[in-house]
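Here the structure comes first, spelled out in C-alpha cells, and everything after it is commentary.
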Amino acid sequence: MSTALGITETKVELDGLLTELVSIGEDRGSADLSRRAAELATRLQEQRFVVAVVGEFKRGKSTFINALLGAEVLPVGAIPVTSAVTVATYGPVPKVEVTFGNGTTQVAGLDALASFVTERENPGNRRNVNRVVVEHPAGPLAEGVRLVDTPGVGSIHQHNTDTTRQFLSEVDAAVFVTSADQPVSHGERVFLDEVSDYAARMFFVLNKIDVLRPGDVEEVIDFATRALSEAIGRQVAVYPMSALGAFRARQDGDVDGVDGSGLSRFEWDFGEFLIDEKAKVLARSVARNAERLVTEEINTVTVEAKTMRLPVDEATNLLTRLEDVASRASVSRRDLEALLAMETSQLMRAIEADLASLRPAETDRLLTEAHQLLDEHPNPRSAADDLDGAIKESLRRSIYAWRQTEDLKLAEMFRAATARFSAETAILMERTTRLCSQLFDVDLSPPPHTDALDIDSEFTFAFFDSPDEIQMTVEAIRRRTPTSIARRMLRRKLDEDIPILVDKHCGRLRWDYSQRLDKVRSRLTGELVDRLEGTLTSLRRGVEQAQSRRAASESDLTAATAELDATLGRLKAVATGLRRVTETRHDHQDSA
C-alpha cells in the first residue's frame, strides 16, 4: 500500500505542476507551451497503457479478452478469427471505428465487427483494414488500459503473422496466451523472442486447462512453465485457466465459477501491476518530458528578459551571433552523426565477421550430424521426415546458443559505442549552452535527455521453418527405390540443401542485426537533433519575442521586464517540483 500511496501523491503533484505550466503558457500567449503541457497532463490523467494479447492462432486470445471484459465484445470461432489488430478501449456506448489502409475511417455498431476482423468475412484482409478500435464501457478499460487482440501467428495466413509483428513496437505490456492442448510449440518460442524485445512486462496464460484429465494438469503446467522460462531466459509465472469457462461464469454471474476457472488470480496480479508499475513508468516519462519543456521555456524567458534591457541594435547583433553559434553546433552535430554511423558500421562488420565464421562451421557440423543420422537410420526410404525435423531443431538450438554468446559480446561493444556518442552529445549540448550563456551574459541550462537515449541492447531473430525440399525428394524414393540407392540419393540431397539452409539463416541474422542497429542509430540521432534544436529555438524565440514586446511597449519596459521576472520565478518553481517528482520516482523504483 505504501508504494501505491506514494504513486498517488506523486501523480497529484505532477498534475498540479502541469496545470501551472499550462497556465504559464496561457499567460504568456504561448499556444505551443500550453498545448504541449496539456498533452502531457492528458496522458497522465488518462493513464493510457497498451496491453497486447499475443500468441499463436487458436489459443483462445479473443475468448480470454471477452472473459476479462465480462462481455462478448470480440468475435470467436472454430477457424482463425482475428485478421486485423483490434484495440478495445473505453467508451460509454459500444461502437466500432475502422481505419482502412487508404486512411479513411468508418464508424459502425458492435455487431458489424466480425465483418472487418474475421477470416471468414474478411479473408486475407481483402477490405484493407488497417486497425479497428472498439469502444466499450467494460470495467478494465475505464482505467486507461487498451486491450489489443492481435492476429494469431503461425497460421496458414501469413498476413496475420505479419500484422501482429508490425504492431509489436506499440506495446507497453503483453499477455502471451498458449494452450494446454498443445503447450508451447516451437513457433511460440520463436515469437516470444520478438515480443519480449518490446514489452516492458509480460504475463503468461496457459489456456484450455479444462481439456486435461485431472492427473495431467500439474505435469502440463510444469512443462509449460519450464518451456516458457527457457524461452524468455528467466523464471516466469504461468496462469493456468479456462478462458471459456471464465467467460461463461461471468455471463452467468457465477463468482465461484470465475474463481475456479483460474481467471481471478490473473486479474489480481494484473491489477497490482497496473496500480504499481504502470503508474511508475508513466509518471517518470511525463515528468522527464515536462522537465525538458520547462528548461526550454526558462531559457526563452531568461533571454527575453535580458534582451528587453538591451538597445535594439545590440539585440539584433545578438541574434546574428546566435545564428553563428547555431551554425557551428550544426557542424558538430553532423560530426557526431558521422561518428555514430562509423561506430554502428564497425559493429556490423564485427557481426559479419562472426557470421562468416559461423557459416562454414555450422554447415560442416550439420552435415556431419545429418550423415550420421542417415547412416544409423534403419530405413532410408522413410528417413527424410525424421532428418528434416532433427536438422531443423539442431540448427535452431545452435543458432540460439550462438546468439546468446554473440549478443553478450555485441552488448559490450554497443554500450561502448553509444556511451561515446552520448558523452559527446552531452559535451556538445554543454558547450553550446555555455556559448549562449556567455553571449547573453545569463545562466542557461541544457535540456535533460529523455528516455530515447536509454537504448536496450537486445536483438531479435525469427527462425522460420527450414525448406521442405528434403521431404519432397522422399516421395520419389519411398517405396520402389532400393535401400542403398535411397541412402545415396538422400545423402546427396542433404549435401545440397544444408549449406543453403545455413546460408539463408545466416543472412536472416545479418538482416536482423542490421535493422536493429539502423533503428537505434535513428533514435539516437533524432534525440540529438531534438535537444540541440530545442535549445537554439528557445533562445531565438526569446530574442524575437523581446524585440516584438519592446516595439509594442517601449514606454513601459520596467513593467514588461518585471512580468518576465515573475514568469521566470513561476517556471523555476515548476522545475523544482519536477525534480522532486523525478527523485521520488527513483526512490519508488529502487524500493519496488
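Identifiers in this document derive from the order of the C-alpha cells: chains are assigned A, B, ..., residues are numbered from 1 separately in each chain, and ligands are numbered from 1 in order of occurrence.
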
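Summary of the local environment: counting only C-alpha atoms, residues at most 7 Å from segment 337-344 of chain A, other than itself and those fewer than 6 positions away along its chain, are Ala417, Phe421, Leu517, Arg521 and Thr525 of chain A.
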
Please dump the current selection as a CSV table (one decimal), in the first residue's frame; keep N, CA and C atoms.
```csv
chain,number,residue,atom,x,y,z
A,417,ALA,N,30.1,2.0,-27.8
A,417,ALA,CA,29.9,2.9,-28.9
A,417,ALA,C,28.8,4.0,-28.6
A,421,PHE,N,29.0,8.2,-28.0
A,421,PHE,CA,28.2,9.2,-28.6
A,421,PHE,C,27.4,10.0,-27.6
A,517,LEU,N,20.3,-2.1,-35.6
A,517,LEU,CA,21.3,-1.0,-35.5
A,517,LEU,C,20.9,0.2,-36.2
A,521,ARG,N,20.4,3.8,-34.2
A,521,ARG,CA,21.1,5.0,-34.7
A,521,ARG,C,20.1,6.1,-35.0
A,525,THR,N,20.3,9.7,-33.1
A,525,THR,CA,20.5,11.0,-33.8
A,525,THR,C,19.2,11.9,-33.7
```

Problem set entry | Test item: residues at most 7 Å from segment 363-380 of chain A, only C-alpha atoms, excluding those fewer than 6 positions along its chain, as number ranges by chain | A: 387, 391, 483, 486-487, 491, 495, 498-499, 502

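Distances from A:Ala243, A:Val331, A:Ile232, A:Leu501 to Glu362 of chain A were compared using only C-alpha atoms, and the smallest one belongs to A:Leu501.
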
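Of the listed residues (A:Asp111, A:Glu304, A:Glu291, A:Asp386), A:Glu291 comes nearest to Arg579 of chain A; the distances count only C-alpha atoms.
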
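Here atom CA of Ile500 of chain A stands at a distance of 28.3 Å from atom CA of Val184 of chain A.
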
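Of the listed residues A:Val12, A:Ala108, A:Lys278, A:Gly91, the one whose atoms come nearest to Gln47 of chain A is A:Lys278, with distances taken using only C-alpha atoms.
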
Exercise. Which of segment 81-142 of chain A counts as helix (DSSP H, G or I) under DSSP, as a PyMOL selection string please?
Worked result: chain A and resi 110-112+114-117+123-125+139-142

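Restricting the calculation to only C-alpha atoms, the smallest distance between Thr105 of chain A and any of A:Ala67, A:Met308, A:Asn128, A:Ala84 is found for A:Asn128.
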
Exercise. Excluding same-chain residues fewer than 2 positions from Thr86 of chain A, what lies within 12 Å of it counting only C-alpha atoms, as a ChimeraX atom specification?
Worked result: /A:50-54,61-62,65,73-75,81-84,88-89,96-99,113-114,116-118,129-135,146-151,163-164,167

May I have the selected residues written with N, CA and C atoms, as a compact mmCIF listing (two decimals), in the first residue's frame?
```txt
# COMPACT_ATOMS: atom_id res chain seq x y z
N VAL A 50 -1.00 0.41 -23.32
CA VAL A 50 -1.33 -0.59 -24.35
C VAL A 50 -0.89 -1.98 -23.90
N VAL A 51 -1.84 -2.88 -23.75
CA VAL A 51 -1.56 -4.27 -23.38
C VAL A 51 -2.03 -5.17 -24.51
N ALA A 52 -1.09 -5.82 -25.18
CA ALA A 52 -1.43 -6.68 -26.30
C ALA A 52 -1.57 -8.13 -25.83
N VAL A 53 -2.58 -8.80 -26.34
CA VAL A 53 -2.77 -10.23 -26.10
C VAL A 53 -2.26 -10.95 -27.35
N VAL A 54 -1.20 -11.72 -27.18
CA VAL A 54 -0.50 -12.29 -28.33
C VAL A 54 -0.35 -13.80 -28.17
N LYS A 61 -7.25 -16.33 -27.59
CA LYS A 61 -6.94 -14.95 -27.20
C LYS A 61 -8.20 -14.09 -27.13
N SER A 62 -9.04 -14.19 -28.14
CA SER A 62 -10.27 -13.38 -28.16
C SER A 62 -11.20 -13.78 -27.02
N ILE A 65 -9.91 -12.24 -23.79
CA ILE A 65 -10.24 -10.81 -23.66
C ILE A 65 -11.71 -10.64 -23.30
N VAL A 73 -17.46 -9.09 -26.57
CA VAL A 73 -17.08 -7.93 -27.36
C VAL A 73 -16.44 -8.37 -28.67
N LEU A 74 -15.52 -9.34 -28.60
CA LEU A 74 -14.78 -9.78 -29.78
C LEU A 74 -15.35 -11.07 -30.33
N PRO A 75 -15.35 -11.23 -31.64
CA PRO A 75 -15.87 -12.47 -32.23
C PRO A 75 -14.94 -13.64 -31.98
N VAL A 81 -9.75 -16.46 -36.27
CA VAL A 81 -10.74 -15.40 -36.36
C VAL A 81 -10.10 -14.04 -36.64
N THR A 82 -9.24 -13.59 -35.76
CA THR A 82 -8.76 -12.21 -35.84
C THR A 82 -7.78 -12.04 -36.99
N SER A 83 -8.10 -11.17 -37.94
CA SER A 83 -7.22 -10.94 -39.09
C SER A 83 -6.68 -9.52 -39.12
N ALA A 84 -7.08 -8.67 -38.18
CA ALA A 84 -6.59 -7.30 -38.09
C ALA A 84 -6.44 -6.95 -36.62
N ALA A 88 -9.39 -2.64 -27.98
CA ALA A 88 -10.54 -2.41 -27.12
C ALA A 88 -10.21 -1.28 -26.15
N THR A 89 -10.94 -0.19 -26.20
CA THR A 89 -10.71 0.96 -25.33
C THR A 89 -12.03 1.41 -24.72
N VAL A 96 -17.76 0.70 -33.00
CA VAL A 96 -16.56 0.27 -33.71
C VAL A 96 -16.12 1.38 -34.66
N GLU A 97 -14.83 1.70 -34.63
CA GLU A 97 -14.28 2.64 -35.60
C GLU A 97 -13.18 1.92 -36.38
N VAL A 98 -13.37 1.84 -37.69
CA VAL A 98 -12.45 1.10 -38.56
C VAL A 98 -11.61 2.09 -39.36
N THR A 99 -10.28 1.89 -39.34
CA THR A 99 -9.38 2.68 -40.17
C THR A 99 -8.85 1.79 -41.28
N LEU A 113 -18.55 -5.85 -36.20
CA LEU A 113 -17.12 -6.06 -36.00
C LEU A 113 -16.59 -7.26 -36.79
N ALA A 114 -17.34 -8.36 -36.77
CA ALA A 114 -16.88 -9.58 -37.44
C ALA A 114 -16.62 -9.37 -38.92
N PHE A 116 -15.22 -7.04 -40.32
CA PHE A 116 -13.95 -6.36 -40.56
C PHE A 116 -12.73 -7.17 -40.10
N VAL A 117 -12.90 -8.00 -39.06
CA VAL A 117 -11.72 -8.59 -38.42
C VAL A 117 -11.62 -10.10 -38.51
N THR A 118 -12.58 -10.78 -39.12
CA THR A 118 -12.50 -12.24 -39.17
C THR A 118 -12.08 -12.74 -40.55
N VAL A 129 -8.27 -3.46 -44.11
CA VAL A 129 -8.45 -2.86 -42.79
C VAL A 129 -7.09 -2.69 -42.13
N ASN A 130 -6.81 -1.49 -41.69
CA ASN A 130 -5.53 -1.21 -41.02
C ASN A 130 -5.63 -1.47 -39.52
N ARG A 131 -6.70 -0.96 -38.91
CA ARG A 131 -6.89 -1.14 -37.47
C ARG A 131 -8.35 -0.92 -37.12
N VAL A 132 -8.80 -1.62 -36.07
CA VAL A 132 -10.17 -1.46 -35.60
C VAL A 132 -10.11 -1.09 -34.11
N VAL A 133 -10.80 -0.02 -33.75
CA VAL A 133 -10.90 0.39 -32.35
C VAL A 133 -12.34 0.13 -31.89
N VAL A 134 -12.46 -0.67 -30.84
CA VAL A 134 -13.76 -0.99 -30.27
C VAL A 134 -13.90 -0.25 -28.96
N GLU A 135 -14.88 0.63 -28.86
CA GLU A 135 -15.17 1.31 -27.60
C GLU A 135 -16.22 0.53 -26.83
N ARG A 146 -5.68 -0.19 -22.73
CA ARG A 146 -6.15 -0.55 -24.06
C ARG A 146 -5.76 -2.00 -24.33
N LEU A 147 -6.75 -2.88 -24.35
CA LEU A 147 -6.51 -4.30 -24.62
C LEU A 147 -6.52 -4.53 -26.12
N VAL A 148 -5.49 -5.17 -26.61
CA VAL A 148 -5.34 -5.33 -28.05
C VAL A 148 -5.36 -6.80 -28.42
N ASP A 149 -6.31 -7.17 -29.25
CA ASP A 149 -6.39 -8.53 -29.77
C ASP A 149 -5.62 -8.57 -31.08
N THR A 150 -4.59 -9.41 -31.13
CA THR A 150 -3.74 -9.47 -32.32
C THR A 150 -4.02 -10.75 -33.11
N PRO A 151 -3.83 -10.71 -34.43
CA PRO A 151 -3.97 -11.95 -35.21
C PRO A 151 -2.99 -13.00 -34.72
N THR A 163 0.99 -8.89 -39.65
CA THR A 163 0.26 -7.81 -38.98
C THR A 163 0.62 -7.75 -37.50
N THR A 164 0.68 -8.91 -36.85
CA THR A 164 1.00 -8.94 -35.42
C THR A 164 2.42 -8.45 -35.18
N PHE A 167 2.84 -4.72 -35.22
CA PHE A 167 2.23 -3.98 -34.12
C PHE A 167 3.08 -3.98 -32.86
```

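The smallest atom-to-atom distance between Leu355 of chain A and any of A:Arg508, A:Pro137, A:Asn289, A:Thr558, using only C-alpha atoms, is found for A:Arg508.
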
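We find atom CA of Asp324 of chain A and atom CA of Arg292 of chain A to be spaced 24.0 Å apart.
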
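Proximity of A:Lys11, A:Glu412, A:Val520, A:Leu509 to Ile399 of chain A, computed with only C-alpha atoms, is greatest for A:Leu509.
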
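Of note, atom CA of Glu430 of chain A and atom CA of Ala575 of chain A are spaced 18.8 Å apart.
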